[in-house]
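Novice: My file is upload27.txt. It has compact mmCIF, C-alpha atoms and all ligand atoms:
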# COMPACT_ATOMS: atom_id res chain seq x y z
CA MET A 14 0.00 0.00 0.00
CA SER A 15 1.37 3.42 -0.90
CA SER A 16 1.62 6.19 1.66
CA PHE A 17 2.66 9.85 1.74
CA LEU A 18 5.89 8.65 3.37
CA ASP A 19 7.00 6.75 0.26
CA SER A 20 8.67 9.79 -1.26
CA ILE A 21 10.17 10.83 2.07
CA TYR A 22 11.77 7.59 3.29
CA SER A 23 15.57 7.38 3.25
CA GLU A 24 17.35 4.93 1.00
CA ALA A 25 18.20 2.89 4.13
CA SER A 26 14.53 2.88 5.12
CA ARG A 27 13.54 1.55 1.73
CA LYS A 28 16.01 -1.32 2.11
CA VAL A 29 15.73 -2.08 5.84
CA LYS A 30 14.92 -5.72 6.71
CA PRO A 31 13.38 -6.87 10.01
CA SER A 32 15.14 -9.58 11.99
CA PRO A 33 13.66 -12.94 10.97
CA ILE A 34 14.07 -14.12 14.56
CA ARG A 35 12.15 -11.16 16.04
CA ASP A 36 9.57 -11.58 13.26
CA MET A 37 8.95 -15.14 14.44
CA LEU A 38 7.93 -14.06 17.93
CA HIS A 39 4.21 -14.13 17.14
CA VAL A 40 4.53 -17.73 15.88
CA ILE A 41 6.58 -18.77 18.89
CA ARG A 42 4.08 -17.26 21.31
CA GLN A 43 1.24 -19.46 20.04
CA PRO A 44 -0.22 -21.52 22.90
CA GLY A 45 1.43 -24.93 23.22
CA MET A 46 4.42 -24.01 21.03
CA ILE A 47 7.78 -25.34 22.20
CA SER A 48 10.45 -22.97 20.99
CA PHE A 49 14.12 -23.59 20.35
CA ALA A 50 14.23 -20.46 18.21
CA GLY A 51 15.43 -17.36 20.13
CA GLY A 52 18.91 -17.37 21.65
CA MET A 53 17.47 -16.81 25.08
CA PRO A 54 18.83 -17.58 28.54
CA ASP A 55 16.73 -19.70 30.88
CA PRO A 56 14.52 -17.28 32.84
CA GLU A 57 14.24 -19.89 35.60
CA ILE A 58 17.79 -19.10 36.70
CA PHE A 59 17.73 -15.33 36.43
CA PRO A 60 19.22 -14.08 39.72
CA ILE A 61 16.20 -12.02 40.64
CA GLY A 62 16.87 -11.89 44.41
CA GLN A 63 20.49 -10.78 43.95
CA PHE A 64 19.51 -8.21 41.36
CA LYS A 65 16.93 -6.78 43.74
CA GLU A 66 19.67 -6.56 46.32
CA ALA A 67 21.84 -4.70 43.80
CA ALA A 68 19.13 -2.04 43.70
CA GLY A 69 20.52 -1.09 47.12
CA ILE A 70 22.96 1.07 45.15
CA PHE A 71 20.18 3.65 45.00
CA ASP A 72 20.60 4.24 48.75
CA ARG A 73 24.26 5.15 48.22
CA GLU A 74 24.40 6.62 44.73
CA GLY A 75 20.78 7.39 43.84
CA LYS A 76 21.41 11.01 42.88
CA ASP A 77 24.11 10.05 40.36
CA VAL A 78 22.39 6.94 39.11
CA LEU A 79 19.27 8.83 38.13
CA GLN A 80 21.23 11.60 36.40
CA TYR A 81 22.53 11.60 32.79
CA GLY A 82 25.73 9.59 32.66
CA THR A 83 28.88 9.92 30.58
CA THR A 84 28.72 8.42 27.11
CA GLU A 85 31.86 6.38 27.86
CA GLY A 86 30.01 4.44 30.56
CA TYR A 87 29.51 4.30 34.33
CA GLN A 88 33.02 4.59 35.71
CA PRO A 89 32.75 2.04 38.58
CA LEU A 90 31.44 -0.58 36.12
CA LYS A 91 34.27 0.17 33.70
CA GLU A 92 36.83 -0.13 36.52
CA PHE A 93 35.30 -3.44 37.54
CA LEU A 94 35.28 -4.77 33.98
CA CYS A 95 38.87 -3.71 33.24
CA GLU A 96 39.99 -5.63 36.31
CA TRP A 97 37.66 -8.61 35.84
CA THR A 98 38.43 -9.18 32.16
CA ALA A 99 42.21 -8.69 32.49
CA PRO A 100 43.20 -12.37 32.91
CA ARG A 101 41.34 -13.34 29.77
CA MET A 102 42.37 -10.29 27.74
CA GLY A 103 46.08 -10.85 28.42
CA ARG A 104 46.39 -7.44 30.10
CA LYS A 105 44.24 -4.97 32.00
CA PRO A 106 42.51 -2.68 29.49
CA GLU A 107 42.78 1.05 30.21
CA LEU A 108 39.56 2.89 31.00
CA ASP A 109 39.71 4.90 27.78
CA GLU A 110 40.09 1.72 25.73
CA MET A 111 36.66 0.57 26.94
CA LEU A 112 33.17 1.71 25.98
CA ILE A 113 29.98 0.54 27.67
CA THR A 114 27.20 0.01 25.15
CA THR A 115 23.50 -0.75 24.99
CA GLY A 116 23.88 -4.43 24.17
CA SER A 117 26.77 -5.66 22.07
CA THR A 118 24.54 -5.13 19.05
CA GLN A 119 25.39 -1.47 19.59
CA VAL A 120 29.11 -2.22 19.38
CA ILE A 121 28.49 -3.51 15.87
CA ASP A 122 26.43 -0.46 14.98
CA LEU A 123 28.98 2.02 16.34
CA LEU A 124 31.87 0.26 14.63
CA CYS A 125 29.96 0.46 11.36
CA TRP A 126 29.42 4.19 11.91
CA ALA A 127 33.14 4.57 12.50
CA LEU A 128 34.43 2.44 9.61
CA LEU A 129 31.89 1.81 6.88
CA ASP A 130 30.91 3.76 3.83
CA LYS A 131 28.10 2.44 1.69
CA GLY A 132 29.33 -0.47 -0.44
CA ASP A 133 32.32 -1.27 1.80
CA CYS A 134 32.90 -4.94 2.54
CA VAL A 135 32.89 -6.83 5.80
CA ILE A 136 34.44 -10.29 5.94
CA CYS A 137 32.43 -12.73 8.03
CA GLU A 138 31.89 -16.40 8.69
CA GLU A 139 29.36 -18.28 6.58
CA PRO A 140 26.97 -18.74 8.32
CA THR A 141 27.05 -15.91 10.88
CA PHE A 142 24.82 -14.16 13.43
CA VAL A 143 21.96 -12.60 11.50
CA GLY A 144 21.54 -9.75 14.01
CA ALA A 145 25.07 -8.61 13.21
CA THR A 146 24.76 -8.72 9.44
CA LEU A 147 21.41 -6.90 9.55
CA THR A 148 23.04 -4.07 11.50
CA MET A 149 25.92 -3.95 9.01
CA TYR A 150 23.49 -4.10 6.11
CA ASN A 151 21.74 -0.99 7.49
CA HIS A 152 25.08 0.78 6.97
CA GLY A 153 25.27 -0.37 3.35
CA ALA A 154 27.76 -3.18 3.99
CA GLU A 155 28.48 -5.87 1.44
CA PHE A 156 29.66 -9.25 2.66
CA LEU A 157 32.61 -11.45 1.80
CA THR A 158 31.66 -14.74 3.37
CA VAL A 159 34.14 -17.42 4.39
CA PRO A 160 33.08 -21.07 4.75
CA CYS A 161 33.62 -22.76 8.12
CA ASP A 162 34.42 -26.22 9.41
CA LYS A 163 34.53 -27.62 12.95
CA ASP A 164 37.37 -25.17 13.80
CA GLY A 165 35.52 -22.08 12.61
CA MET A 166 36.33 -19.78 9.71
CA LYS A 167 38.63 -21.35 7.12
CA VAL A 168 41.03 -18.43 7.29
CA GLU A 169 43.36 -20.06 4.77
CA LEU A 170 40.79 -19.09 2.12
CA LEU A 171 40.98 -15.43 3.04
CA PRO A 172 43.95 -14.24 0.94
CA GLU A 173 42.26 -15.38 -2.26
CA ILE A 174 38.88 -13.92 -1.23
CA ILE A 175 40.53 -10.59 -0.35
CA ASP A 176 42.59 -10.41 -3.56
CA LYS A 177 39.54 -11.15 -5.68
CA ALA A 178 37.46 -8.47 -3.96
CA LYS A 179 40.27 -5.92 -4.26
CA LYS A 180 40.61 -6.65 -7.97
CA GLN A 181 36.91 -5.84 -8.28
CA GLY A 182 37.64 -2.47 -6.67
CA LYS A 183 35.98 -3.32 -3.36
CA LYS A 184 37.10 -1.72 -0.12
CA ILE A 185 37.31 -4.14 2.80
CA LYS A 186 37.14 -2.57 6.24
CA PHE A 187 36.84 -5.24 8.89
CA VAL A 188 36.49 -8.91 9.71
CA TYR A 189 33.57 -9.91 11.92
CA THR A 190 34.21 -13.13 13.81
CA ILE A 191 32.42 -14.95 16.62
CA VAL A 192 35.32 -16.74 18.21
CA ASN A 193 33.73 -18.91 20.92
CA PHE A 194 30.63 -21.11 20.57
CA HIS A 195 29.73 -19.47 17.34
CA ASN A 196 26.18 -18.33 16.69
CA PRO A 197 24.81 -20.34 14.93
CA LEU A 198 27.53 -23.00 14.40
CA GLY A 199 28.42 -23.66 18.05
CA CYS A 200 32.13 -24.15 17.20
CA ASP A 201 35.30 -22.34 18.36
CA LEU A 202 37.81 -20.62 16.11
CA SER A 203 41.01 -22.61 16.69
CA VAL A 204 44.03 -20.85 18.20
CA GLU A 205 46.06 -21.38 14.99
CA ARG A 206 43.32 -19.75 12.97
CA ARG A 207 43.05 -16.85 15.43
CA LYS A 208 46.77 -16.18 14.92
CA LYS A 209 46.54 -16.52 11.15
CA LEU A 210 43.51 -14.25 11.00
CA LEU A 211 45.40 -11.55 12.87
CA GLU A 212 48.37 -11.89 10.49
CA ILE A 213 46.09 -11.54 7.49
CA ALA A 214 44.33 -8.53 9.04
CA GLU A 215 47.74 -6.91 9.57
CA GLU A 216 48.85 -7.62 6.02
CA HIS A 217 45.69 -6.14 4.53
CA ASN A 218 45.18 -3.37 7.09
CA LEU A 219 41.83 -4.60 8.40
CA VAL A 220 40.17 -4.18 11.77
CA ILE A 221 38.86 -7.33 13.49
CA LEU A 222 35.62 -7.24 15.43
CA GLU A 223 35.96 -10.14 17.86
CA ASP A 224 32.42 -10.74 19.10
CA ASP A 225 32.41 -12.92 22.20
CA PRO A 226 29.15 -12.95 24.16
CA TYR A 227 29.40 -16.70 24.90
CA GLY A 228 33.07 -17.10 25.89
CA TYR A 229 32.33 -17.27 29.63
CA VAL A 230 29.81 -20.07 29.08
CA ARG A 231 32.25 -22.93 28.43
CA PHE A 232 31.21 -26.46 29.48
CA ASP A 233 34.19 -28.49 28.27
CA GLY A 234 37.87 -27.92 27.57
CA GLU A 235 40.20 -25.00 28.14
CA ASP A 236 39.46 -21.35 27.40
CA LEU A 237 41.12 -20.15 24.20
CA PRO A 238 43.00 -16.84 24.14
CA PRO A 239 41.08 -13.98 22.51
CA ILE A 240 42.57 -12.53 19.33
CA PHE A 241 42.69 -9.28 21.31
CA SER A 242 45.33 -10.83 23.59
CA MET A 243 47.59 -11.55 20.57
CA ASP A 244 47.15 -8.16 18.96
CA LYS A 245 50.12 -5.76 19.03
CA SER A 246 48.84 -3.26 16.49
CA GLY A 247 45.52 -2.31 18.14
CA ARG A 248 43.35 -3.54 15.29
CA VAL A 249 41.09 -5.80 17.35
CA VAL A 250 37.87 -4.52 18.87
CA PHE A 251 36.72 -7.07 21.44
CA ALA A 252 33.01 -7.09 22.32
CA SER A 253 31.13 -8.90 25.06
CA SER A 254 27.89 -8.56 26.93
CA PHE A 255 25.97 -9.27 30.13
CA SER A 256 23.12 -10.67 28.01
CA LYS A 257 24.15 -14.33 28.28
CA ILE A 258 25.97 -14.27 31.62
CA LEU A 259 23.46 -12.24 33.63
CA ALA A 260 20.31 -11.14 31.79
CA PRO A 261 19.66 -9.64 28.34
CA GLY A 262 17.08 -7.28 29.82
CA THR A 263 19.93 -5.26 31.34
CA ARG A 264 21.09 -4.32 27.81
CA VAL A 265 24.55 -3.72 29.22
CA ALA A 266 27.57 -4.71 27.14
CA TRP A 267 31.10 -3.48 26.54
CA CYS A 268 33.90 -3.31 24.01
CA VAL A 269 37.62 -2.77 24.23
CA GLY A 270 39.87 -1.49 21.47
CA LYS A 271 42.33 1.13 20.31
CA ARG A 272 41.69 4.45 22.11
CA GLU A 273 41.35 6.42 18.92
CA LEU A 274 38.71 4.07 17.52
CA ILE A 275 36.85 3.80 20.84
CA ARG A 276 36.75 7.60 20.93
CA LYS A 277 35.18 7.73 17.45
CA MET A 278 32.60 5.14 18.49
CA THR A 279 31.89 7.15 21.65
CA VAL A 280 31.22 10.29 19.64
CA PHE A 281 28.77 8.36 17.44
CA LYS A 282 27.12 6.96 20.56
CA GLN A 283 26.53 10.53 21.78
CA GLY A 284 24.24 10.93 18.80
CA VAL A 285 22.61 7.53 19.12
CA ASP A 286 21.52 7.33 22.77
CA VAL A 287 23.68 9.80 24.78
CA CYS A 288 24.61 7.02 27.18
CA THR A 289 23.62 3.49 28.14
CA SER A 290 21.03 3.50 30.94
CA VAL A 291 22.92 4.50 34.09
CA VAL A 292 20.27 2.72 36.15
CA ALA A 293 21.05 -0.55 34.38
CA GLN A 294 24.82 -0.04 34.50
CA ALA A 295 24.80 0.84 38.19
CA MET A 296 22.69 -2.18 39.11
CA VAL A 297 24.90 -4.48 37.04
CA TYR A 298 27.95 -2.94 38.72
CA GLU A 299 26.54 -3.42 42.21
CA TYR A 300 25.58 -7.02 41.39
CA CYS A 301 29.17 -7.66 40.26
CA ARG A 302 30.70 -5.80 43.23
CA LEU A 303 28.75 -7.98 45.63
CA GLY A 304 30.43 -11.02 44.05
CA TYR A 305 27.27 -12.36 42.46
CA LEU A 306 28.60 -12.52 38.88
CA ASP A 307 31.50 -14.76 39.92
CA ALA A 308 29.10 -16.93 41.92
CA PHE A 309 26.55 -17.13 39.10
CA LEU A 310 28.91 -18.19 36.30
CA PRO A 311 29.65 -21.72 37.54
CA LYS A 312 25.93 -22.13 38.14
CA ILE A 313 24.92 -21.21 34.59
CA ILE A 314 27.73 -23.32 33.15
CA ASP A 315 26.47 -26.42 35.01
CA HIS A 316 22.86 -25.62 34.24
CA TYR A 317 23.43 -25.12 30.52
CA ARG A 318 25.75 -28.11 30.24
CA ASP A 319 22.90 -30.24 31.60
CA LYS A 320 20.55 -28.65 29.10
CA ARG A 321 22.91 -29.26 26.21
CA ASP A 322 23.28 -32.88 27.28
CA ALA A 323 19.51 -33.24 27.60
CA MET A 324 19.03 -31.91 24.07
CA GLU A 325 21.66 -34.20 22.62
CA GLU A 326 20.19 -37.16 24.48
CA ALA A 327 16.80 -36.32 22.96
CA PHE A 328 18.42 -36.01 19.49
CA LYS A 329 19.84 -39.51 19.90
CA THR A 330 16.53 -40.90 21.07
CA TYR A 331 14.09 -39.21 18.72
CA LEU A 332 15.82 -38.01 15.53
CA PRO A 333 16.45 -40.43 12.65
CA LYS A 334 20.25 -40.71 12.58
CA ASP A 335 20.50 -40.92 8.81
CA GLN A 336 18.62 -37.62 8.34
CA VAL A 337 20.44 -35.21 10.65
CA LYS A 338 24.02 -34.03 11.16
CA TYR A 339 25.33 -31.92 14.03
CA GLN A 340 28.42 -31.24 16.11
CA THR A 341 28.33 -31.10 19.93
CA PRO A 342 29.02 -27.51 21.09
CA LYS A 343 31.51 -27.17 23.97
CA GLY A 344 29.65 -24.16 25.32
CA GLY A 345 27.28 -21.37 24.36
CA PHE A 346 23.63 -21.72 23.43
CA PHE A 347 23.25 -23.50 20.08
CA TYR A 348 23.16 -26.64 17.99
CA TRP A 349 23.42 -26.20 14.25
CA ILE A 350 21.58 -28.96 12.44
CA GLU A 351 21.91 -30.10 8.86
CA THR A 352 19.18 -32.11 7.17
CA PRO A 353 20.88 -32.99 3.85
CA ASN A 354 17.76 -34.62 2.37
CA ILE A 355 15.09 -32.25 3.66
CA PRO A 356 14.70 -28.54 2.84
CA ALA A 357 14.67 -26.78 6.22
CA ARG A 358 11.81 -24.49 5.17
CA ASP A 359 9.51 -27.48 4.49
CA LEU A 360 10.54 -29.03 7.77
CA PHE A 361 9.87 -25.73 9.53
CA ASP A 362 6.27 -25.64 8.25
CA LYS A 363 5.73 -29.22 9.37
CA ALA A 364 7.35 -28.51 12.74
CA ILE A 365 5.15 -25.45 13.34
CA GLU A 366 2.08 -27.61 12.64
CA LYS A 367 3.37 -29.89 15.40
CA LYS A 368 3.98 -26.87 17.61
CA VAL A 369 7.74 -26.89 17.71
CA ALA A 370 9.88 -23.97 16.47
CA PHE A 371 13.48 -23.42 15.43
CA VAL A 372 15.28 -20.79 13.36
CA LEU A 373 15.84 -21.44 9.68
CA GLY A 374 19.43 -21.46 8.43
CA GLU A 375 18.96 -19.14 5.46
CA PRO A 376 19.04 -15.76 7.28
CA PHE A 377 22.45 -16.68 8.70
CA TYR A 378 23.88 -16.59 5.15
CA PRO A 379 24.06 -12.95 4.02
CA ASN A 380 24.99 -14.04 0.49
CA GLY A 381 22.53 -16.95 0.30
CA GLY A 382 22.71 -20.57 1.44
CA GLY A 383 21.68 -22.65 4.42
CA LYS A 384 18.63 -24.22 2.79
CA HIS A 385 19.24 -27.49 4.62
CA ASN A 386 20.19 -26.07 8.00
CA PHE A 387 18.54 -24.74 11.11
CA ARG A 388 19.53 -23.52 14.57
CA MET A 389 18.31 -24.96 17.85
CA CYS A 390 18.82 -23.07 21.13
CA PHE A 391 19.17 -25.50 24.04
CA THR A 392 19.23 -23.03 26.95
CA PHE A 393 15.67 -21.74 27.00
CA ALA A 394 13.21 -24.65 27.00
CA SER A 395 12.64 -26.73 30.15
CA PRO A 396 14.00 -30.32 30.15
CA GLU A 397 10.46 -31.71 29.71
CA ASP A 398 9.75 -29.35 26.82
CA THR A 399 13.10 -30.17 25.25
CA LYS A 400 12.27 -33.87 25.26
CA GLU A 401 8.77 -33.34 23.94
CA GLY A 402 9.89 -30.76 21.36
CA ILE A 403 12.61 -32.99 19.91
CA LYS A 404 10.15 -35.89 19.85
CA ARG A 405 7.80 -33.75 17.74
CA LEU A 406 10.72 -32.67 15.54
CA GLY A 407 11.66 -36.33 15.04
CA GLU A 408 8.08 -37.07 13.93
CA ALA A 409 8.20 -34.13 11.51
CA ILE A 410 11.48 -35.37 10.01
CA ARG A 411 10.12 -38.93 9.66
CA GLU A 412 7.22 -37.63 7.63
CA PHE A 413 9.75 -36.57 4.97
CA ALA A 414 12.11 -39.51 5.22
C1 LIG A 501 27.14 -13.48 18.38
C2 LIG A 501 26.27 -12.47 19.03
N1 LIG A 501 26.66 -11.19 19.09
C3 LIG A 501 25.90 -10.25 19.66
C4 LIG A 501 24.68 -10.56 20.21
C5 LIG A 501 23.84 -9.47 20.78
O1 LIG A 501 23.85 -9.46 22.14
P1 LIG A 501 23.30 -8.25 23.01
O2 LIG A 501 22.10 -8.77 23.72
O3 LIG A 501 24.44 -7.90 23.91
O4 LIG A 501 22.98 -7.10 22.07
C6 LIG A 501 24.22 -11.88 20.18
C7 LIG A 501 22.90 -12.22 20.72
O5 LIG A 501 22.34 -13.24 20.52
C8 LIG A 501 25.04 -12.85 19.56
O6 LIG A 501 24.66 -14.13 19.49
Here is a file; write its structure as structure tokens.
Ligand SMILES: Cc1ncc(COP(=O)(O)O)c(C=O)c1O
Specialist:
Amino acid sequence: MSSFLDSIYSEASRKVKPSPIRDMLHVIRQPGMISFAGGMPDPEIFPIGQFKEAAGIFDREGKDVLQYGTTEGYQPLKEFLCEWTAPRMGRKPELDEMLITTGSTQVIDLLCWALLDKGDCVICEEPTFVGATLTMYNHGAEFLTVPCDKDGMKVELLPEIIDKAKKQGKKIKFVYTIVNFHNPLGCDLSVERRKKLLEIAEEHNLVILEDDPYGYVRFDGEDLPPIFSMDKSGRVVFASSFSKILAPGTRVAWCVGKRELIRKMTVFKQGVDVCTSVVAQAMVYEYCRLGYLDAFLPKIIDHYRDKRDAMEEAFKTYLPKDQVKYQTPKGGFFYWIETPNIPARDLFDKAIEKKVAFVLGEPFYPNGGGKHNFRMCFTFASPEDTKEGIKRLGEAIREFA
């Protein structure tokens, strides 16, 4: 339908695409639906009591907490995070190397403001987090996608991909990589590939956006060093978030990178939202200061490991082995399933009829693909629902087989 706005909308407005995951919410909310779709934490373990206690910060700091805050972020939270992240980051970040953001989605947005002109290229994994590519797409990004295997992005393919794009006159600005428990693949980028990726970024003068919201949710094996910790030239922007380790409703996240670039992002943030909610930052800070974050992490790791195991157990019991392929994630939130003989879209329709939902693979491929894949989140549904949901999924698959 035409409207008076048609001739007024921006070019970006004409092209903007809604998130297919958010768009599914009305389907997922149907009564009786069991959803493995959204990448959501288990609300049953939200630390509601401790968070209420953290509201005690209003007694001490209420006048500041309710005032406008600095765009850079609430200083006590930044001080806490610089200290708390230091062992993992390889050194303690300086305060002016860190920016607090409204979700790590905003890190992606601000980095795009700082680096991208329309038509510039971003290198990313194929598949990759659809929320990230939609944000980049809003900035006019084009995508150079790199296939993955069980060790993440096949970085050895990058030199050829980069040379080809450069010959076509494309400008490549940054690499977007989800290093731990990839969304949607569930895999880690191996240490060798992290090193190689950094070398390639140095050779071709690229920034790396190392997106790591799941790194603290490891069930098995050793933590892998962030690319940030290997970086001597300041080209890595490391992003993480409280969404998966505390609660996404806080919308508090952070990034660390080269001062100069963080400053640019901060100036853009001034124009986007002035500052991240000081109320949210202060409560998150107080929660951390009281030691609750450190106490909560082992709890969520155990809880989600059990949930992962319950989902895999249900896969083994209810899914026809010859019709599905998957790899066990060592952490994070997701299984990535391949159904080589069944188009995922057809399976999705059948699954919805049976009141079970997942996310189709296609949106995770910015340049097309994923027709036989889908993503299953194992953290949200209860153990009973997981069993029942996978049983229904198994029935749906058998109807095609
Ligand atoms: C890889 C990845 N990056 C970023 C985000 C966004 O997280 P936030 O809630 O901090 O905006 C998500 C959320 O699912 C994600 O999976």
Novice: Using all atoms listed in the file - which residues lie no farther than 12 Å from the point (21.7, -13.4, 0.4) in the file's frame? Write them as a short mmCIF file (atom, residue, chain, number, x, y, z; two decimals) with C-alpha atoms, in the frame of the given file.
Specialist:
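For reference, part-v9.cif as written:
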data_model
loop_
_atom_site.label_atom_id
_atom_site.label_comp_id
_atom_site.auth_asym_id
_atom_site.auth_seq_id
_atom_site.Cartn_x
_atom_site.Cartn_y
_atom_site.Cartn_z
CA GLU A 139 29.36 -18.28 6.58
CA PRO A 140 26.97 -18.74 8.32
CA VAL A 143 21.96 -12.60 11.50
CA THR A 146 24.76 -8.72 9.44
CA LEU A 147 21.41 -6.90 9.55
CA TYR A 150 23.49 -4.10 6.11
CA GLU A 155 28.48 -5.87 1.44
CA PHE A 156 29.66 -9.25 2.66
CA LEU A 157 32.61 -11.45 1.80
CA THR A 158 31.66 -14.74 3.37
CA GLY A 374 19.43 -21.46 8.43
CA GLU A 375 18.96 -19.14 5.46
CA PRO A 376 19.04 -15.76 7.28
CA PHE A 377 22.45 -16.68 8.70
CA TYR A 378 23.88 -16.59 5.15
CA PRO A 379 24.06 -12.95 4.02
CA ASN A 380 24.99 -14.04 0.49
CA GLY A 381 22.53 -16.95 0.30
CA GLY A 382 22.71 -20.57 1.44
CA GLY A 383 21.68 -22.65 4.42
CA LYS A 384 18.63 -24.22 2.79
#
Novice: With only C-alpha atoms and all ligand atoms counted, collect every polymer residue having an atom within 8 Å of ligand LIG 501 (chain A); state the result as an NGL selection string.
Specialist: :A and (52-53 or 115-119 or 141-142 or 144-145 or 191 or 195-197 or 224-227 or 253-257 or 261 or 264-266)
Novice: Residues as selected, C-alpha atoms, written as a PDB file, keeping the file's coordinate frame, can you do that?
Specialist:
ATOM      1  CA  GLY A  52      18.910 -17.370  21.650  1.00  0.00           C
ATOM      2  CA  MET A  53      17.470 -16.810  25.080  1.00  0.00           C
ATOM      3  CA  THR A 115      23.500  -0.750  24.990  1.00  0.00           C
ATOM      4  CA  GLY A 116      23.880  -4.430  24.170  1.00  0.00           C
ATOM      5  CA  SER A 117      26.770  -5.660  22.070  1.00  0.00           C
ATOM      6  CA  THR A 118      24.540  -5.130  19.050  1.00  0.00           C
ATOM      7  CA  GLN A 119      25.390  -1.470  19.590  1.00  0.00           C
ATOM      8  CA  THR A 141      27.050 -15.910  10.880  1.00  0.00           C
ATOM      9  CA  PHE A 142      24.820 -14.160  13.430  1.00  0.00           C
ATOM     10  CA  GLY A 144      21.540  -9.750  14.010  1.00  0.00           C
ATOM     11  CA  ALA A 145      25.070  -8.610  13.210  1.00  0.00           C
ATOM     12  CA  ILE A 191      32.420 -14.950  16.620  1.00  0.00           C
ATOM     13  CA  HIS A 195      29.730 -19.470  17.340  1.00  0.00           C
ATOM     14  CA  ASN A 196      26.180 -18.330  16.690  1.00  0.00           C
ATOM     15  CA  PRO A 197      24.810 -20.340  14.930  1.00  0.00           C
ATOM     16  CA  ASP A 224      32.420 -10.740  19.100  1.00  0.00           C
ATOM     17  CA  ASP A 225      32.410 -12.920  22.200  1.00  0.00           C
ATOM     18  CA  PRO A 226      29.150 -12.950  24.160  1.00  0.00           C
ATOM     19  CA  TYR A 227      29.400 -16.700  24.900  1.00  0.00           C
ATOM     20  CA  SER A 253      31.130  -8.900  25.060  1.00  0.00           C
ATOM     21  CA  SER A 254      27.890  -8.560  26.930  1.00  0.00           C
ATOM     22  CA  PHE A 255      25.970  -9.270  30.130  1.00  0.00           C
ATOM     23  CA  SER A 256      23.120 -10.670  28.010  1.00  0.00           C
ATOM     24  CA  LYS A 257      24.150 -14.330  28.280  1.00  0.00           C
ATOM     25  CA  PRO A 261      19.660  -9.640  28.340  1.00  0.00           C
ATOM     26  CA  ARG A 264      21.090  -4.320  27.810  1.00  0.00           C
ATOM     27  CA  VAL A 265      24.550  -3.720  29.220  1.00  0.00           C
ATOM     28  CA  ALA A 266      27.570  -4.710  27.140  1.00  0.00           C
TER      29      ALA A 266
END
Novice: To one decimal place in Å, what is the distance between CA of Arg35 in chain A and CA of Ala364 in chain A?
Specialist: 18.3 Å
Novice: Using all atoms listed in the file, can you tell me which of A:Leu259, A:Ala178, A:Met278, A:Met166 comes closest to Ser203 in chain A?
Specialist: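 Closest candidate: A:Met166.
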Novice: Could you put an axis-aligned box around every listed atom of range 143-153 of chain A, padded by 4 Å on each side, and send me its centre and edge lengths in Å to one decimal, as JSON?
Specialist:
{"center_x": 23.7, "center_y": -5.9, "center_z": 8.7, "size_x": 12.5, "size_y": 21.4, "size_z": 18.7}
Novice: As an exercise, work out the distance from CA of Lys343 in chain A to CA of Met389 in chain A in Å and give it to one decimal place.
Specialist: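 Those two atoms sit 14.7 Å apart.
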Novice: Just checking: using all atoms listed in the file, which residue out of A:Ile185, A:Asp130, A:Gly199, A:Glu366 ends up closest to Cys161 in chain A?
Specialist: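 Among A:Ile185, A:Asp130, A:Gly199, A:Glu366, it is A:Gly199 that comes nearest to Cys161 in chain A.
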